[in-house]
$ cat data.txt   # compact mmCIF, C-alpha atoms
# COMPACT_ATOMS: atom_id res chain seq x y z
CA MET K 1 -22.54 -10.20 -10.08
CA GLU K 2 -20.12 -8.86 -7.51
CA ASP K 3 -18.49 -5.44 -8.02
CA VAL K 4 -14.79 -6.11 -8.65
CA VAL K 5 -13.78 -2.57 -7.64
CA ALA K 6 -15.68 -2.70 -4.32
CA LEU K 7 -14.15 -6.12 -3.59
CA THR K 8 -10.68 -4.74 -4.33
CA VAL K 9 -11.19 -1.70 -2.06
CA ALA K 10 -12.36 -3.98 0.77
CA ARG K 11 -9.31 -6.23 0.30
CA LEU K 12 -6.93 -3.25 0.41
CA LYS K 13 -8.51 -1.98 3.65
CA GLU K 14 -8.07 -5.31 5.49
CA GLY K 15 -5.64 -5.69 8.35
CA ASN K 16 -2.94 -3.14 8.99
CA PRO K 17 -1.88 -1.85 5.54
CA PRO K 18 1.01 0.58 4.96
CA TRP K 19 -1.39 3.09 3.35
CA LYS K 20 -3.71 5.40 5.27
CA ASP K 21 -6.67 5.70 2.91
CA VAL K 22 -8.27 3.57 0.20
CA SER K 23 -11.19 4.74 -1.89
CA GLU K 24 -12.92 4.23 -5.19
CA ILE K 25 -12.75 6.98 -7.79
CA ASP K 26 -14.47 7.43 -11.13
CA ALA K 27 -12.14 10.04 -12.66
CA LEU K 28 -8.42 10.67 -12.41
CA SER K 29 -9.20 14.37 -11.92
CA GLN K 30 -10.25 13.41 -8.38
CA LEU K 31 -6.54 13.00 -7.61
CA ASP K 32 -5.95 16.74 -8.01
CA VAL K 33 -5.24 18.01 -4.49
CA LYS K 34 -5.91 21.60 -5.55
CA LYS K 35 -9.52 20.67 -6.33
CA THR K 36 -10.16 18.10 -3.60
CA GLY K 37 -8.18 19.41 -0.63
CA THR K 38 -5.48 17.55 1.23
CA THR K 39 -5.12 13.80 1.17
CA ARG K 40 -3.66 11.66 3.91
CA THR K 41 -0.79 9.80 2.32
CA PRO K 42 0.11 7.26 1.35
CA ALA K 43 -3.30 6.69 -0.23
CA LEU K 44 -4.74 4.30 -2.82
CA TYR K 45 -7.45 5.04 -5.36
CA VAL K 46 -9.17 2.18 -7.19
CA PHE K 47 -11.15 2.31 -10.45
CA LEU K 48 -12.20 0.15 -13.38
CA VAL K 49 -9.85 0.94 -16.26
CA GLY K 50 -11.74 -1.11 -18.83
CA GLU K 51 -13.27 -4.37 -19.95
CA THR K 52 -12.60 -6.33 -23.12
CA PRO K 53 -15.08 -9.00 -24.20
CA ALA K 54 -14.03 -12.05 -26.18
CA PRO K 55 -16.37 -13.40 -28.88
CA ASP K 56 -18.87 -16.15 -28.14
CA VAL K 57 -17.33 -19.18 -29.81
CA ARG K 58 -20.09 -21.72 -29.12
CA GLY K 59 -22.10 -20.67 -32.16
CA SER K 60 -25.67 -21.24 -30.94
CA GLY K 61 -27.95 -20.52 -28.00
CA ALA K 62 -27.67 -17.69 -25.54
CA TYR K 63 -24.47 -15.67 -25.63
CA LEU K 64 -21.74 -16.70 -23.21
CA GLN K 65 -18.68 -14.47 -23.27
CA SER K 66 -15.43 -14.15 -21.35
CA LEU K 67 -14.49 -10.64 -20.34
CA THR K 68 -11.09 -9.39 -19.29
CA ALA K 69 -11.39 -6.60 -16.71
CA THR K 70 -8.54 -4.29 -15.76
CA VAL K 71 -8.64 -2.59 -12.37
CA GLY K 72 -6.31 0.33 -11.76
CA VAL K 73 -4.86 1.23 -8.38
CA VAL K 74 -3.25 4.65 -8.06
CA ILE K 75 -0.71 5.04 -5.28
CA VAL K 76 -0.28 8.63 -4.06
CA ASP K 77 2.51 9.52 -1.67
CA THR K 78 4.34 12.61 -0.48
CA SER K 79 7.89 13.37 0.57
CA ARG K 80 8.56 13.25 4.30
CA ASN K 81 11.36 15.17 6.00
CA GLY K 82 12.83 16.16 2.63
CA LYS K 83 13.54 12.54 1.62
CA PRO K 84 12.85 11.33 -1.94
CA ILE K 85 9.57 9.48 -2.49
CA ASP K 86 10.09 5.72 -2.71
CA LEU K 87 7.01 4.02 -4.17
CA GLN K 88 8.59 0.55 -4.34
CA PRO K 89 7.64 -0.61 -0.81
CA LEU K 90 4.02 0.46 -1.42
CA ARG K 91 3.97 -1.26 -4.82
CA GLN K 92 5.33 -4.45 -3.27
CA ALA K 93 2.70 -4.36 -0.50
CA LEU K 94 0.01 -3.76 -3.11
CA ARG K 95 1.16 -6.76 -5.16
CA GLN K 96 1.31 -8.89 -2.04
CA ARG K 97 -2.37 -8.08 -1.40
CA LEU K 98 -3.72 -8.46 -4.93
CA PHE K 99 -1.48 -10.62 -7.15
CA GLY K 100 -3.10 -14.07 -7.31
CA TRP K 101 -6.12 -12.97 -5.23
CA SER K 102 -9.71 -13.39 -6.38
CA GLY K 103 -12.45 -11.37 -4.70
CA ALA K 104 -15.25 -13.77 -5.65
CA GLU K 105 -15.64 -17.17 -7.23
CA GLU K 106 -16.76 -15.68 -10.56
CA PHE K 107 -13.43 -13.84 -11.05
CA GLU K 108 -10.11 -15.40 -11.98
CA PRO K 109 -7.26 -14.46 -9.63
CA TYR K 110 -5.61 -11.14 -10.47
CA TRP K 111 -2.56 -11.16 -12.67
CA LEU K 112 -0.26 -8.19 -13.12
CA GLY K 113 -0.96 -5.56 -15.75
CA GLY K 114 1.16 -2.59 -16.74
CA GLY K 115 2.17 0.22 -14.45
CA ARG K 116 3.43 3.75 -14.92
CA LEU K 117 4.21 7.01 -13.22
CA LEU K 118 1.20 9.34 -13.41
CA THR K 119 2.49 12.52 -11.82
CA ILE K 120 5.47 13.84 -9.98
CA GLU K 121 5.43 17.36 -8.59
CA SER K 122 6.79 19.28 -5.63
CA GLY K 123 6.96 16.62 -2.96
CA ARG K 124 4.13 14.45 -4.34
CA ALA K 125 4.02 11.51 -6.75
CA SER K 126 1.39 9.12 -8.05
CA TRP K 127 1.84 5.73 -9.70
CA LEU K 128 -0.74 3.57 -11.50
CA ASP K 129 -0.58 -0.22 -11.22
CA ASN K 130 -3.08 -2.33 -13.16
CA PHE K 131 -4.41 -5.71 -12.11
CA VAL K 132 -6.25 -7.93 -14.57
CA THR K 133 -8.92 -10.57 -14.06
CA GLU K 134 -11.31 -12.51 -16.24
CA TYR K 135 -14.93 -13.52 -15.77
CA THR K 136 -17.83 -14.89 -17.83
CA GLU K 137 -21.05 -13.10 -18.75
CA ASP K 138 -24.09 -15.24 -19.53
CA GLN K 139 -26.98 -13.73 -21.51
CA ASN K 140 -29.40 -15.86 -19.48
CA ALA K 141 -28.44 -13.94 -16.33
CA TYR K 142 -30.27 -10.91 -17.75
CA GLY K 143 -33.58 -12.67 -18.31
CA PRO K 144 -35.45 -13.43 -21.53

$ encode --input "data.txt" --output "structure tokens"
Amino acid sequence: MEDVVALTVARLKEGNPPWKDVSEIDALSQLDVKKTGTTRTPALYVFLVGETPAPDVRGSGAYLQSLTATVGVVIVDTSRNGKPIDLQPLRQALRQRLFGWSGAEEFEPYWLGGGRLLTIESGRASWLDNFVTEYTEDQNAYGP
């Protein structure tokens, strides 16, 4: 099975995006500039927020389940020339890239999940947007 996070990172790096860096993270603590050094902004950080399996409703045979996967994309930006940070253009560009896009045949196209402000501090802000997809897991894919 394809890695939905890796596919998403590749999609966000395509072409000439309005962000400078895109990378995968495995912990939100990696966003702490004090621990990681400076970040070129605007930057995107992608991670798997969670998966929720639905029950197998067929009743017999090998298990076949639908899973809903949520992928989070954190936008980090800084103030330039003393102007307020405006995350809306970046959020719109992000939606344009991902909303309705499917990275592989096994995934349903992304639909929009919730979003929220993560941090705002002296000249720096981060926002989390979630994108949701669904796919099917088949017990037979794992062997006998």

$ atom_distance --input "data.txt" --atom1 "CA of Leu128 (chain K)" --atom2 "CA of Val76 (chain K)"
9.0 Å

$ atom_distance --input "data.txt" --atom1 "CA of Asp3 (chain K)" --atom2 "CA of Leu67 (chain K)"
14.0 Å

$ residues_around --input "data.txt" --residues "region 111-116 of chain K" --least-positions-apart "3" --cutoff "9 Å" --atoms "only C-alpha atoms" --output "PyMOL selection string"
chain K and resi 70-72+95+98-101+108+126-133

$ closest_residue --input "data.txt" --among "K:Val74, K:Thr136, K:Leu44, K:Ala10" --to "Glu105 (chain K)" --atoms "only C-alpha atoms"
K:Thr136

$ closest_residue --input "data.txt" --among "K:Val49, K:Leu94, K:Ala54, K:Leu87" --to "Glu24 (chain K)" --atoms "all atoms listed in the file"
K:Val49

$ residues_around --input "data.txt" --residues "Lys20 (chain K)" --least-positions-apart "3" --cutoff "12 Å" --atoms "all atoms listed in the file" --output "list in words"
Leu12, Lys13, Glu14, Gly15, Asn16, Pro17, Ser23, Thr39, Arg40, Thr41, Pro42, Ala43, Leu44, Tyr45, Ile75, Val76, Asp77 and Leu90 of chain K

$ residues_around --input "data.txt" --residues "region 140-144 of chain K" --least-positions-apart "3" --cutoff "10 Å" --atoms "all atoms listed in the file" --output "list in words"
Met1, Gly61, Ala62, Tyr63, Leu64 and Glu137 of chain K

$ atom_distance --input "data.txt" --atom1 "CA of Glu106 (chain K)" --atom2 "CA of Glu134 (chain K)"
8.5 Å

$ residues_near_point --input "data.txt" --point "(-8.9, -8.2, -3.6)" --cutoff "6 Å" --atoms "all atoms listed in the file" --output "list of chain:residue names"
K:Leu7, K:Thr8, K:Arg11, K:Leu98, K:Trp101, K:Ser102, K:Gly103

$ write_last_selection --input "data.txt" --atoms "C-alpha atoms" --output "PDB file, in the coordinates of the input"
ATOM      1  CA  LEU K   7     -14.150  -6.120  -3.590  1.00  0.00           C
ATOM      2  CA  THR K   8     -10.680  -4.740  -4.330  1.00  0.00           C
ATOM      3  CA  ARG K  11      -9.310  -6.230   0.300  1.00  0.00           C
ATOM      4  CA  LEU K  98      -3.720  -8.460  -4.930  1.00  0.00           C
ATOM      5  CA  TRP K 101      -6.120 -12.970  -5.230  1.00  0.00           C
ATOM      6  CA  SER K 102      -9.710 -13.390  -6.380  1.00  0.00           C
ATOM      7  CA  GLY K 103     -12.450 -11.370  -4.700  1.00  0.00           C
TER       8      GLY K 103
END
